[in-house]
$ cat structure_5.cif   # mmCIF, C-alpha atoms
data_work
loop_
_atom_site.label_atom_id
_atom_site.label_comp_id
_atom_site.auth_asym_id
_atom_site.auth_seq_id
_atom_site.Cartn_x
_atom_site.Cartn_y
_atom_site.Cartn_z
CA SER I 25 0.00 0.00 0.00
CA GLY I 26 0.98 3.64 -0.27
CA THR I 27 1.31 3.95 3.51
CA ALA I 28 3.58 0.92 3.73
CA MET I 29 5.78 2.25 0.93
CA ARG I 30 5.96 5.65 2.61
CA LYS I 31 6.97 4.03 5.92
CA ARG I 32 9.70 2.07 4.17
CA GLN I 33 10.98 5.21 2.44
CA LEU I 34 10.95 6.99 5.79
CA GLU I 35 13.02 4.25 7.41
CA LEU I 36 15.64 4.59 4.67
CA ILE I 37 15.73 8.38 5.00
CA LEU I 38 16.12 8.23 8.79
CA ALA I 39 18.89 5.65 8.49
CA ALA I 40 20.68 7.86 5.98
CA ALA I 41 20.30 10.86 8.27
CA GLN I 42 21.85 8.98 11.18
CA SER I 43 24.88 8.01 9.10
CA ALA I 44 25.28 11.35 7.31
CA LYS I 45 28.66 13.02 7.84
CA THR I 46 27.63 16.68 7.77
CA GLY I 47 25.00 18.81 9.40
CA ASP I 48 23.81 20.16 6.05
CA ARG I 49 23.21 16.63 4.77
CA ARG I 50 21.31 15.68 7.93
CA ALA I 51 19.24 18.86 7.59
CA ASP I 52 18.25 17.97 4.01
CA LEU I 53 17.28 14.46 5.06
CA ALA I 54 15.33 15.77 8.06
CA PHE I 55 13.36 17.98 5.68
CA VAL I 56 12.50 15.01 3.47
CA ALA I 57 11.61 12.85 6.48
CA THR I 58 9.23 15.53 7.75
CA ARG I 59 7.48 15.73 4.37
CA LEU I 60 7.10 11.94 4.23
CA ALA I 61 5.84 11.58 7.80
CA ARG I 62 3.13 14.24 7.52
CA ALA I 63 0.80 11.76 5.78
CA LEU I 64 1.31 9.02 8.39
CA PRO I 65 -0.67 8.35 11.60
CA LEU I 66 0.26 10.28 14.74
CA VAL I 67 2.15 7.36 16.31
CA GLU I 68 4.41 7.16 13.24
CA ARG I 69 4.90 10.91 13.24
CA GLY I 70 5.93 10.74 16.89
CA ARG I 71 8.47 8.02 16.17
CA THR I 72 9.87 10.07 13.33
CA VAL I 73 10.36 13.11 15.55
CA LYS I 74 12.00 10.94 18.22
CA ALA I 75 14.51 9.69 15.66
CA LEU I 76 15.13 13.17 14.29
CA VAL I 77 15.66 15.02 17.56
CA ALA I 78 18.34 12.47 18.40
CA LEU I 79 20.33 14.20 15.64
CA TRP I 80 20.43 17.49 17.58
CA PRO I 81 24.01 18.82 17.19
CA GLY I 82 26.33 19.68 20.03
CA ALA I 83 26.64 23.26 21.28
CA ALA I 84 29.99 23.74 19.54
CA GLU I 85 28.70 22.70 16.12
CA GLN I 86 27.72 25.37 13.58
CA ALA I 87 24.55 23.69 12.31
CA PHE I 88 21.80 26.29 12.22
CA GLU I 89 19.93 24.69 9.32
CA LEU I 90 19.86 21.31 11.06
CA ARG I 91 18.53 22.85 14.25
CA TYR I 92 15.92 24.71 12.22
CA ARG I 93 14.78 21.52 10.45
CA LEU I 94 14.57 19.53 13.68
CA ILE I 95 12.49 22.14 15.49
CA ARG I 96 10.27 22.43 12.42
CA ALA I 97 9.82 18.65 12.38
CA ALA I 98 8.79 18.51 16.03
CA GLY I 99 6.41 21.45 15.65
CA THR I 100 4.86 20.05 12.46
CA LEU I 101 4.60 16.36 13.29
CA ASP I 102 4.15 16.00 17.05
CA PRO I 103 4.18 19.24 19.09
CA ARG I 104 2.16 17.78 21.97
CA GLY I 105 4.30 14.67 22.28
CA HIS I 106 7.49 16.73 22.18
CA ARG I 107 6.27 19.71 24.16
CA ALA I 108 9.04 19.44 26.78
CA TRP I 109 11.68 19.24 24.06
CA LEU I 110 10.28 22.30 22.27
CA LEU I 111 10.17 24.24 25.54
CA THR I 112 13.92 23.79 25.95
CA ARG I 113 14.39 25.37 22.52
CA LEU I 114 12.84 28.62 23.79
CA THR I 115 16.20 29.38 25.41
CA SER I 116 18.09 29.19 22.12
CA PRO I 117 20.43 32.13 21.45
CA SER I 118 18.94 32.33 17.94
CA PRO I 119 15.76 34.45 17.74
CA VAL I 120 14.64 32.50 14.66
CA LEU I 121 14.82 29.20 16.54
CA ARG I 122 13.03 30.63 19.58
CA TRP I 123 10.26 31.88 17.31
CA LEU I 124 10.05 28.58 15.45
CA ALA I 125 9.71 26.64 18.70
CA LEU I 126 7.15 29.04 20.16
CA ARG I 127 4.78 28.85 17.19
CA PRO I 128 3.51 25.27 17.74
CA LEU I 129 3.63 25.67 21.52
CA SER I 130 1.49 28.80 21.32
CA GLN I 131 -1.29 26.84 19.61
CA GLN I 132 -1.72 24.55 22.61
CA PRO I 133 -4.48 25.57 25.06
CA ASP I 134 -2.51 24.26 28.05
CA PRO I 135 -2.99 26.85 30.85
CA THR I 136 0.61 26.34 32.00
CA MET I 137 1.73 27.97 28.73
CA ALA I 138 0.50 31.39 29.90
CA ALA I 139 3.62 31.97 31.98
CA LYS I 140 5.84 31.00 29.04
CA LEU I 141 3.96 33.35 26.74
CA LEU I 142 4.18 36.22 29.22
CA ALA I 143 7.93 35.66 29.40
CA ALA I 144 8.08 35.60 25.59
CA LEU I 145 6.46 39.05 25.52
CA ARG I 146 9.79 40.30 26.90
CA ASP I 147 11.88 38.55 24.24
CA ARG I 148 14.33 40.66 22.25
CA ASP I 149 12.85 39.53 18.93
CA PRO I 150 9.61 41.16 17.70
CA ARG I 151 8.44 37.98 15.95
CA VAL I 152 8.61 36.09 19.23
CA ARG I 153 6.75 38.87 21.02
CA ALA I 154 4.08 39.08 18.31
CA THR I 155 3.51 35.31 18.40
CA ALA I 156 3.24 35.37 22.18
CA ALA I 157 0.82 38.30 22.15
CA ALA I 158 -1.44 36.61 19.60
CA ALA I 159 -1.49 33.36 21.59
CA LEU I 160 -2.47 35.09 24.83
CA ARG I 161 -5.98 35.52 23.47
CA ARG I 162 -6.55 31.93 24.63
CA HIS I 163 -5.48 32.58 28.22
CA LYS I 164 -7.38 34.37 30.94
CA GLY I 165 -6.32 36.19 34.08
CA PRO I 166 -5.43 39.72 35.21
CA LYS I 167 -1.71 39.28 34.50
CA VAL I 168 -2.42 38.31 30.90
CA VAL I 169 -4.78 41.22 30.30
CA GLU I 170 -2.45 43.74 31.93
CA ALA I 171 0.50 42.50 29.90
CA LEU I 172 -1.45 42.81 26.64
CA GLN I 173 -2.63 46.30 27.54
CA ASN I 174 0.94 47.39 28.32
CA THR I 175 2.20 45.82 25.10
CA LEU I 176 -0.41 47.67 23.07
CA ARG I 177 0.47 50.95 24.76
CA TYR I 178 4.27 50.83 24.87
CA GLU I 179 5.45 48.35 22.22
CA GLY I 180 7.61 49.97 19.54
CA TRP I 181 7.07 47.37 16.81
CA PRO I 182 3.68 47.74 15.06
CA VAL I 183 3.42 44.02 14.30
CA VAL I 184 3.58 43.24 18.02
CA ALA I 185 1.14 45.99 18.99
CA ARG I 186 -1.33 44.79 16.35
CA SER I 187 -1.16 41.26 17.75
CA ALA I 188 -1.76 42.59 21.27
CA ALA I 189 -4.74 44.62 20.07
CA LEU I 190 -6.35 41.63 18.38
CA ALA I 191 -5.74 39.48 21.46
CA LEU I 192 -7.47 42.04 23.67
CA GLY I 193 -10.56 41.52 21.53
CA HIS I 194 -10.88 38.15 23.28
CA HIS I 195 -10.86 39.66 26.80
CA CYS I 196 -13.15 42.70 26.60
CA ASP I 197 -13.01 43.99 30.18
CA ALA I 198 -13.44 47.72 30.74
CA ALA I 199 -9.70 48.42 30.89
CA SER I 200 -9.10 46.50 27.65
CA LEU I 201 -11.84 48.45 25.87
CA ALA I 202 -10.26 51.70 27.06
CA ALA I 203 -6.85 50.54 25.82
CA LEU I 204 -8.32 49.69 22.41
CA ARG I 205 -10.05 53.06 22.10
CA ARG I 206 -6.77 54.77 23.01
CA ALA I 207 -4.96 52.80 20.31
CA ILE I 208 -7.58 53.77 17.72
CA SER I 209 -7.13 57.44 18.51
CA ASN I 210 -3.36 57.17 18.04
CA ARG I 211 -3.81 56.27 14.35
CA ALA I 212 -0.48 54.46 14.12
CA LEU I 213 0.64 52.08 11.34
CA GLY I 214 -2.39 49.80 11.16
CA ILE I 215 -2.61 49.43 14.93
CA ASP I 216 -5.76 51.56 14.85
CA VAL I 217 -7.42 49.18 12.38
CA ALA I 218 -6.51 46.13 14.48
CA ALA I 219 -7.77 47.84 17.63
CA LEU I 220 -11.06 48.76 15.95
CA SER I 221 -11.52 45.15 14.81
CA ALA I 222 -10.88 43.96 18.36
CA LEU I 223 -13.30 46.52 19.78
CA ALA I 224 -16.01 45.36 17.39
CA ARG I 225 -15.46 41.77 18.44
CA CYS I 226 -16.19 42.77 22.04
CA ARG I 227 -19.55 44.27 21.01
CA PRO I 228 -19.57 47.17 23.52
CA PRO I 229 -22.71 49.31 23.89
CA LYS I 230 -23.43 51.74 21.05
CA LEU I 231 -21.01 49.94 18.72
CA PHE I 232 -23.17 50.78 15.70
CA ASP I 233 -22.88 54.50 16.44
CA THR I 234 -19.13 54.20 17.09
CA LEU I 235 -18.42 52.45 13.80
CA LEU I 236 -20.63 54.83 11.89
CA THR I 237 -18.82 57.81 13.40
CA TYR I 238 -15.42 56.44 12.37
CA ALA I 239 -16.63 55.52 8.89
CA MET I 240 -18.05 58.97 8.16
CA SER I 241 -15.36 61.13 9.75
CA ARG I 242 -13.12 62.84 7.21
CA LYS I 243 -10.53 63.34 9.94
CA GLN I 244 -9.89 59.59 10.21
CA PRO I 245 -7.41 57.68 8.00
CA VAL I 246 -9.09 56.02 5.05
CA GLY I 247 -7.96 52.56 6.17
CA LEU I 248 -9.73 53.00 9.50
CA ARG I 249 -12.85 54.37 7.80
CA ARG I 250 -12.99 51.41 5.42
CA ARG I 251 -12.59 48.93 8.26
CA ALA I 252 -15.33 50.64 10.28
CA ALA I 253 -17.71 50.35 7.34
CA ALA I 254 -16.81 46.70 6.81
CA LEU I 255 -17.53 45.90 10.46
CA LEU I 256 -21.14 47.06 10.13
CA ASP I 257 -22.48 43.53 9.71
CA GLN I 258 -26.11 42.55 9.30
CA ARG I 259 -26.65 41.55 12.92
CA LEU I 260 -25.30 44.89 14.14
CA VAL I 261 -27.22 47.00 11.63
CA GLY I 262 -30.55 45.27 12.17
CA ASP I 263 -33.42 47.54 11.12
CA ARG I 264 -31.17 50.58 10.62
CA VAL I 265 -30.49 49.89 6.97
CA ARG I 266 -32.08 53.20 5.93
CA ILE I 267 -29.41 55.05 7.87
CA LEU I 268 -26.67 53.19 5.98
CA ALA I 269 -28.38 53.81 2.66
CA SER I 270 -28.58 57.54 3.35
CA LEU I 271 -24.92 57.70 4.34
CA PHE I 272 -23.94 55.68 1.27
CA LEU I 273 -25.65 58.21 -0.99
CA ARG I 274 -23.81 61.01 0.80
CA LEU I 275 -20.48 59.27 0.33
CA ARG I 276 -21.29 58.61 -3.29
CA ARG I 277 -21.80 62.33 -3.90
CA GLU I 278 -18.56 63.13 -2.04
CA ALA I 279 -16.71 60.52 -4.11
CA LEU I 280 -16.77 62.82 -7.13
CA ALA I 281 -14.13 64.91 -5.38
CA SER I 282 -12.69 62.52 -2.78
CA ALA I 283 -10.83 59.23 -3.30
CA ALA I 284 -11.28 58.45 0.41
CA ALA I 285 -15.07 58.81 0.18
CA GLU I 286 -15.05 56.59 -2.90
CA GLN I 287 -13.23 53.81 -1.03
CA VAL I 288 -15.48 54.03 2.04
CA ALA I 289 -18.61 54.04 -0.16
CA ALA I 290 -17.39 50.95 -2.00
#
$ encode --input "structure_5.cif" --output "structure tokens"
Amino acid sequence: SGTAMRKRQLELILAAAQSAKTGDRRADLAFVATRLARALPLVERGRTVKALVALWPGAAEQAFELRYRLIRAAGTLDPRGHRAWLLTRLTSPSPVLRWLALRPLSQQPDPTMAAKLLAALRDRDPRVRATAAAALRRHKGPKVVEALQNTLRYEGWPVVARSAALALGHHCDAASLAALRRAISNRALGIDVAALSALARCRPPKLFDTLLTYAMSRKQPVGLRRRAAALLDQRLVGDRVRILASLFLRLRREALASAAAEQVAA
């Protein structure tokens, strides 16, 4: 059968990887083994990862690609079964490897991961921080919410702040709503659009009026106005369709002299 043939091919690849003389060769074979194992049952994927992580190079070896391939294999094939091994990779001196290890770990709903994610919010690398911020949407507690609020307010990298804003849309306490409104008013590098999306997800009182105000205000960036209009879904609008129709006609008239009005109308 196809599965039996794939298992046999995988055995040959793993044997070749174990006998390979260089880290680059082992990395190439680890990549192939990962591709082969993806179509196999979980138990076979777990065995593959176990064989691959045994190839982890010593600290003195310059084998970045091999380390990358091994972490990718564990995260792709069996992140739950190799959770402890992936956690040890979070201390890697390489920001790329820390980020690669955190990605599959961040998808696990295990409540013990919250502390790891909060620590990752202080990582030197913005990709690690952004991944941690996004994953904290799954975790509750005052420490989590406070950390996300502080990240949204003080983070210098927009990609991280956007992730924090979207994560706050899964918490929705009064302080988080205030933090999101503050971020919208700052109008910075797409953070305002992410914060508005998060605010809409929380469904605060008078959301219809809030979105309509943003959509129709000429003082707001066009990206924010377009997003506000897009967030006016059917459930939110309800029987107020006439209001939208009237505003659409107004925007349509303005569009003759305004590219921003044209985009919002569309």
$ closest_residue --input "structure_5.cif" --among "I:Leu255, I:Ala138, I:Leu172, I:Ala279" --to "I:Ala188" --atoms "all atoms listed in the file"
I:Leu172
$ axis_aligned_box --input "structure_5.cif" --around "stretch 34-40 of chain I" --padding-each-side "8 Å" --output "JSON"
{"center_x": 15.8, "center_y": 6.3, "center_z": 6.7, "size_x": 25.7, "size_y": 20.1, "size_z": 20.1}
$ residues_around --input "structure_5.cif" --residues "I:Ala189" --least-positions-apart "2" --cutoff "7 Å" --atoms "only C-alpha atoms" --output "NGL selection string"
:I and (176 or 185-187 or 191-193 or 204 or 218-219 or 222)
$ write_last_selection --input "structure_5.cif" --atoms "C-alpha atoms" --output "mmCIF file, in the coordinates of the input"
data_model
loop_
_atom_site.group_PDB
_atom_site.id
_atom_site.type_symbol
_atom_site.label_atom_id
_atom_site.label_comp_id
_atom_site.auth_asym_id
_atom_site.auth_seq_id
_atom_site.Cartn_x
_atom_site.Cartn_y
_atom_site.Cartn_z
ATOM 1 C CA LEU I 176 -0.410 47.670 23.070
ATOM 2 C CA ALA I 185 1.140 45.990 18.990
ATOM 3 C CA ARG I 186 -1.330 44.790 16.350
ATOM 4 C CA SER I 187 -1.160 41.260 17.750
ATOM 5 C CA ALA I 191 -5.740 39.480 21.460
ATOM 6 C CA LEU I 192 -7.470 42.040 23.670
ATOM 7 C CA GLY I 193 -10.560 41.520 21.530
ATOM 8 C CA LEU I 204 -8.320 49.690 22.410
ATOM 9 C CA ALA I 218 -6.510 46.130 14.480
ATOM 10 C CA ALA I 219 -7.770 47.840 17.630
ATOM 11 C CA ALA I 222 -10.880 43.960 18.360
#
$ closest_residue --input "structure_5.cif" --among "I:Ala171, I:Ala158, I:Leu111, I:Val183" --to "I:Arg146" --atoms "all atoms listed in the file"
I:Ala171
$ resolve_selection --input "structure_5.cif" --expression "the PyMOL selection byres ((chain I and resi 90) around 9)" --output "list in words"
Gly47, Asp48, Arg49, Arg50, Ala51, Asp52, Ala54, Leu79, Trp80, Pro81, Ala87, Phe88, Glu89, Arg91, Tyr92, Arg93, Leu94 and Ile95 of chain I
$ write_last_selection --input "structure_5.cif" --atoms "C-alpha atoms" --output "mmCIF file, in the frame of the given file"
data_model
loop_
_atom_site.group_PDB
_atom_site.id
_atom_site.type_symbol
_atom_site.label_atom_id
_atom_site.label_comp_id
_atom_site.auth_asym_id
_atom_site.auth_seq_id
_atom_site.Cartn_x
_atom_site.Cartn_y
_atom_site.Cartn_z
ATOM 1 C CA GLY I 47 25.000 18.810 9.400
ATOM 2 C CA ASP I 48 23.810 20.160 6.050
ATOM 3 C CA ARG I 49 23.210 16.630 4.770
ATOM 4 C CA ARG I 50 21.310 15.680 7.930
ATOM 5 C CA ALA I 51 19.240 18.860 7.590
ATOM 6 C CA ASP I 52 18.250 17.970 4.010
ATOM 7 C CA ALA I 54 15.330 15.770 8.060
ATOM 8 C CA LEU I 79 20.330 14.200 15.640
ATOM 9 C CA TRP I 80 20.430 17.490 17.580
ATOM 10 C CA PRO I 81 24.010 18.820 17.190
ATOM 11 C CA ALA I 87 24.550 23.690 12.310
ATOM 12 C CA PHE I 88 21.800 26.290 12.220
ATOM 13 C CA GLU I 89 19.930 24.690 9.320
ATOM 14 C CA ARG I 91 18.530 22.850 14.250
ATOM 15 C CA TYR I 92 15.920 24.710 12.220
ATOM 16 C CA ARG I 93 14.780 21.520 10.450
ATOM 17 C CA LEU I 94 14.570 19.530 13.680
ATOM 18 C CA ILE I 95 12.490 22.140 15.490
#
$ closest_residue --input "structure_5.cif" --among "I:Lys140, I:Arg59, I:Arg177, I:Arg107" --to "I:His163" --atoms "only C-alpha atoms"
I:Lys140
$ residues_around --input "structure_5.cif" --residues "stretch 258-268 of chain I" --least-positions-apart "2" --cutoff "10 Å" --atoms "only C-alpha atoms" --output "mmCIF file with C-alpha atoms, in the frame of the given file"
data_model
loop_
_atom_site.group_PDB
_atom_site.id
_atom_site.type_symbol
_atom_site.label_atom_id
_atom_site.label_comp_id
_atom_site.auth_asym_id
_atom_site.auth_seq_id
_atom_site.Cartn_x
_atom_site.Cartn_y
_atom_site.Cartn_z
ATOM 1 C CA ALA I 224 -16.010 45.360 17.390
ATOM 2 C CA ARG I 227 -19.550 44.270 21.010
ATOM 3 C CA LYS I 230 -23.430 51.740 21.050
ATOM 4 C CA LEU I 231 -21.010 49.940 18.720
ATOM 5 C CA PHE I 232 -23.170 50.780 15.700
ATOM 6 C CA ASP I 233 -22.880 54.500 16.440
ATOM 7 C CA LEU I 236 -20.630 54.830 11.890
ATOM 8 C CA ALA I 253 -17.710 50.350 7.340
ATOM 9 C CA LEU I 255 -17.530 45.900 10.460
ATOM 10 C CA LEU I 256 -21.140 47.060 10.130
ATOM 11 C CA SER I 270 -28.580 57.540 3.350
ATOM 12 C CA LEU I 271 -24.920 57.700 4.340
ATOM 13 C CA PHE I 272 -23.940 55.680 1.270
ATOM 14 C CA LEU I 273 -25.650 58.210 -0.990
ATOM 15 C CA ARG I 274 -23.810 61.010 0.800
#
$ closest_residue --input "structure_5.cif" --among "I:Trp109, I:Phe55, I:Tyr238, I:Trp181" --to "I:Ser209" --atoms "only C-alpha atoms"
I:Tyr238
$ resolve_selection --input "structure_5.cif" --expression "the PyMOL selection byres ((chain I and resi 108) around 12)" --output "compact mmCIF listing (two decimals) with C-alpha atoms, in the coordinates of the input"
# COMPACT_ATOMS: atom_id res chain seq x y z
CA ALA I 98 8.79 18.51 16.03
CA GLY I 99 6.41 21.45 15.65
CA ASP I 102 4.15 16.00 17.05
CA PRO I 103 4.18 19.24 19.09
CA ARG I 104 2.16 17.78 21.97
CA GLY I 105 4.30 14.67 22.28
CA HIS I 106 7.49 16.73 22.18
CA ARG I 107 6.27 19.71 24.16
CA TRP I 109 11.68 19.24 24.06
CA LEU I 110 10.28 22.30 22.27
CA LEU I 111 10.17 24.24 25.54
CA THR I 112 13.92 23.79 25.95
CA ARG I 113 14.39 25.37 22.52
CA LEU I 114 12.84 28.62 23.79
CA ALA I 125 9.71 26.64 18.70
CA LEU I 126 7.15 29.04 20.16
CA LEU I 129 3.63 25.67 21.52
CA MET I 137 1.73 27.97 28.73
